[in-house]
Amino acid sequence: MPRKLPSLNAVKAFEAAVRCGTTVGAAAETGVTHGAISRQIQQLEDWIGRPLFKRDTGRLVVTDAGAAFAEIAGQAFDLLHDGTQALLEVSDNVVRITTTASFASEWLMPRLSDFRSQHSHIEIWLEEGKEIVNPRSGGCDLAIRMGLGEWPGVNVEAFMSDRLFPVCTPDIAARLTQPDSLDKLPLLHDDDPHAQW
């Protein structure tokens, strides 16, 4: 479902006016006229359906709703700024991989030194995670997960097969005569919903 958002230019003008305290200060910061700032604020108030400022003899006084929305807008712009800076700082020689801790420690990490010796110009950044992520969202370049690969919105490539089998103590194994005997025993389950056991 598409996001229902006001004009980001209007939000930017409003947030700057709250921070600067005047439309003139917001205009200087954003590079437009103070009249344009006023029009953007009016457009935002019309879209939201309530006043964000009280007009008091030429001064702008932020309403309670305006103060609350200014805080939300400021946090959103900070997040957008920080995310953009992080993206700009990532070198083309960095590959960001996210995978589970067990796969990283048991399979990936032991192979990284060989990879580095053959590709010394590539830097690997590794992050642990279990949730299904979309590399196009900017959080990583490559996500390695266990499952059937039926995840919408991502390109999936089978990497390796996996076999799951039960393990138990030798005493319990001696009592198991058929696979159906497992039904009578308590099974310990992995808490990963994608583990499929």
# chains A, B, ... in the order shown; residues from 1 in each chain; ligands from 1
>>> residues_around(residues="Ser38 (chain A)", least_positions_apart="4", cutoff="10 Å", atoms="only C-alpha atoms", output="PDB file with N, CA and C atoms, in the first residue's frame")
ATOM      1  N   ALA A  10       7.022  20.800   1.763  1.00  0.00           N
ATOM      2  CA  ALA A  10       6.250  21.516   2.776  1.00  0.00           C
ATOM      3  C   ALA A  10       6.721  21.123   4.177  1.00  0.00           C
ATOM      4  N   ALA A  13      10.058  22.801   4.825  1.00  0.00           N
ATOM      5  CA  ALA A  13       9.889  24.228   5.116  1.00  0.00           C
ATOM      6  C   ALA A  13       9.372  24.422   6.536  1.00  0.00           C
ATOM      7  N   PHE A  14       8.371  23.638   6.919  1.00  0.00           N
ATOM      8  CA  PHE A  14       7.790  23.738   8.267  1.00  0.00           C
ATOM      9  C   PHE A  14       8.836  23.418   9.334  1.00  0.00           C
ATOM     10  N   ALA A  17      11.290  26.176   9.715  1.00  0.00           N
ATOM     11  CA  ALA A  17      10.698  27.349  10.358  1.00  0.00           C
ATOM     12  C   ALA A  17      10.615  27.154  11.872  1.00  0.00           C
ATOM     13  N   THR A  22      11.671  31.539  12.593  1.00  0.00           N
ATOM     14  CA  THR A  22      11.041  32.505  11.678  1.00  0.00           C
ATOM     15  C   THR A  22      11.022  31.922  10.271  1.00  0.00           C
ATOM     16  N   THR A  23      10.102  32.465   9.456  1.00  0.00           N
ATOM     17  CA  THR A  23      10.089  32.059   8.050  1.00  0.00           C
ATOM     18  C   THR A  23      11.300  32.629   7.320  1.00  0.00           C
ATOM     19  N   VAL A  24      11.798  33.768   7.776  1.00  0.00           N
ATOM     20  CA  VAL A  24      12.987  34.372   7.151  1.00  0.00           C
ATOM     21  C   VAL A  24      14.200  33.465   7.356  1.00  0.00           C
ATOM     22  N   ALA A  26      14.127  30.236   8.002  1.00  0.00           N
ATOM     23  CA  ALA A  26      13.903  29.007   7.235  1.00  0.00           C
ATOM     24  C   ALA A  26      14.178  29.239   5.758  1.00  0.00           C
ATOM     25  N   ALA A  27      13.806  30.411   5.255  1.00  0.00           N
ATOM     26  CA  ALA A  27      14.039  30.744   3.846  1.00  0.00           C
ATOM     27  C   ALA A  27      15.533  30.791   3.557  1.00  0.00           C
ATOM     28  N   THR A  33      12.296  31.988  -0.853  1.00  0.00           N
ATOM     29  CA  THR A  33      11.826  33.219  -0.213  1.00  0.00           C
ATOM     30  C   THR A  33      11.006  32.889   1.030  1.00  0.00           C
ATOM     31  N   HIS A  34      10.869  33.884   1.930  1.00  0.00           N
ATOM     32  CA  HIS A  34      10.061  33.612   3.125  1.00  0.00           C
ATOM     33  C   HIS A  34       8.588  33.464   2.754  1.00  0.00           C
ATOM     34  N   GLN A  42       1.329  26.768   4.933  1.00  0.00           N
ATOM     35  CA  GLN A  42      -0.124  26.793   4.760  1.00  0.00           C
ATOM     36  C   GLN A  42      -0.608  25.533   4.051  1.00  0.00           C
ATOM     37  N   GLN A  43       0.148  25.098   3.037  1.00  0.00           N
ATOM     38  CA  GLN A  43      -0.197  23.870   2.304  1.00  0.00           C
ATOM     39  C   GLN A  43      -0.164  22.661   3.251  1.00  0.00           C
ATOM     40  N   LEU A  44       0.829  22.613   4.128  1.00  0.00           N
ATOM     41  CA  LEU A  44       0.942  21.499   5.076  1.00  0.00           C
ATOM     42  C   LEU A  44      -0.208  21.531   6.077  1.00  0.00           C
TER      43      LEU A  44
END
>>> residues_around(residues="Gly149 (chain A)", least_positions_apart="6", cutoff="8 Å", atoms="only C-alpha atoms", output="PyMOL selection string")
chain A and resi 156-158
>>> residues_around(residues="Glu123 (chain A)", least_positions_apart="5", cutoff="8 Å", atoms="only C-alpha atoms", output="list in words")
Asn93, Val94 and Val95 of chain A
>>> residues_around(residues="region 64-70 of chain A", least_positions_apart="5", cutoff="12 Å", atoms="only C-alpha atoms", output="list of chain:residue names")
A:Pro6, A:Ala10, A:Val11, A:Lys12, A:Ala13, A:Phe14, A:Glu15, A:Ala16, A:Ala17, A:Val18, A:Arg19, A:Cys20, A:Gly21, A:Ile41, A:Leu44, A:Glu45, A:Ile48, A:Gly49, A:Arg50, A:Pro51, A:Leu52, A:Phe53, A:Lys54, A:Gln75, A:Ala76, A:Phe77, A:Asp78
>>> closest_residue(among="A:Thr169, A:Arg116, A:Arg59, A:Asn9", to="Arg39 (chain A)", atoms="only C-alpha atoms")
A:Asn9
>>> select_by_dssp(residues="chain A", states="strand (DSSP E or B)", output="ChimeraX atom specification")
/A:53-56,59-62,94-99,123-128,142-143
>>> select_by_dssp(residues="region 108-189 of chain A", states="helix (DSSP H, G or I)", output="count of residues only")
26
>>> closest_residue(among="A:Asp82, A:Glu29, A:Glu131, A:Gln118", to="Thr99 (chain A)", atoms="only C-alpha atoms")
A:Glu131
>>> closest_residue(among="A:Arg145, A:Ser113, A:Ile122, A:Val61", to="Ala101 (chain A)", atoms="only C-alpha atoms")
A:Arg145
>>> closest_atom_pairs(of="region 120-186 of chain A", to="region 106-109 of chain A", cutoff="12 Å", atoms="only C-alpha atoms", output="JSON lines")
{"residue": "A:Ile124", "atom": "CA", "partner": "A:Met109", "partner_atom": "CA", "distance": 10.5}
{"residue": "A:Trp125", "atom": "CA", "partner": "A:Met109", "partner_atom": "CA", "distance": 11.4}
{"residue": "A:Leu126", "atom": "CA", "partner": "A:Met109", "partner_atom": "CA", "distance": 9.5}
{"residue": "A:Glu127", "atom": "CA", "partner": "A:Leu108", "partner_atom": "CA", "distance": 11.8}
{"residue": "A:Glu128", "atom": "CA", "partner": "A:Leu108", "partner_atom": "CA", "distance": 11.8}
{"residue": "A:Ile144", "atom": "CA", "partner": "A:Leu108", "partner_atom": "CA", "distance": 10.2}
{"residue": "A:Met160", "atom": "CA", "partner": "A:Trp107", "partner_atom": "CA", "distance": 11.4}
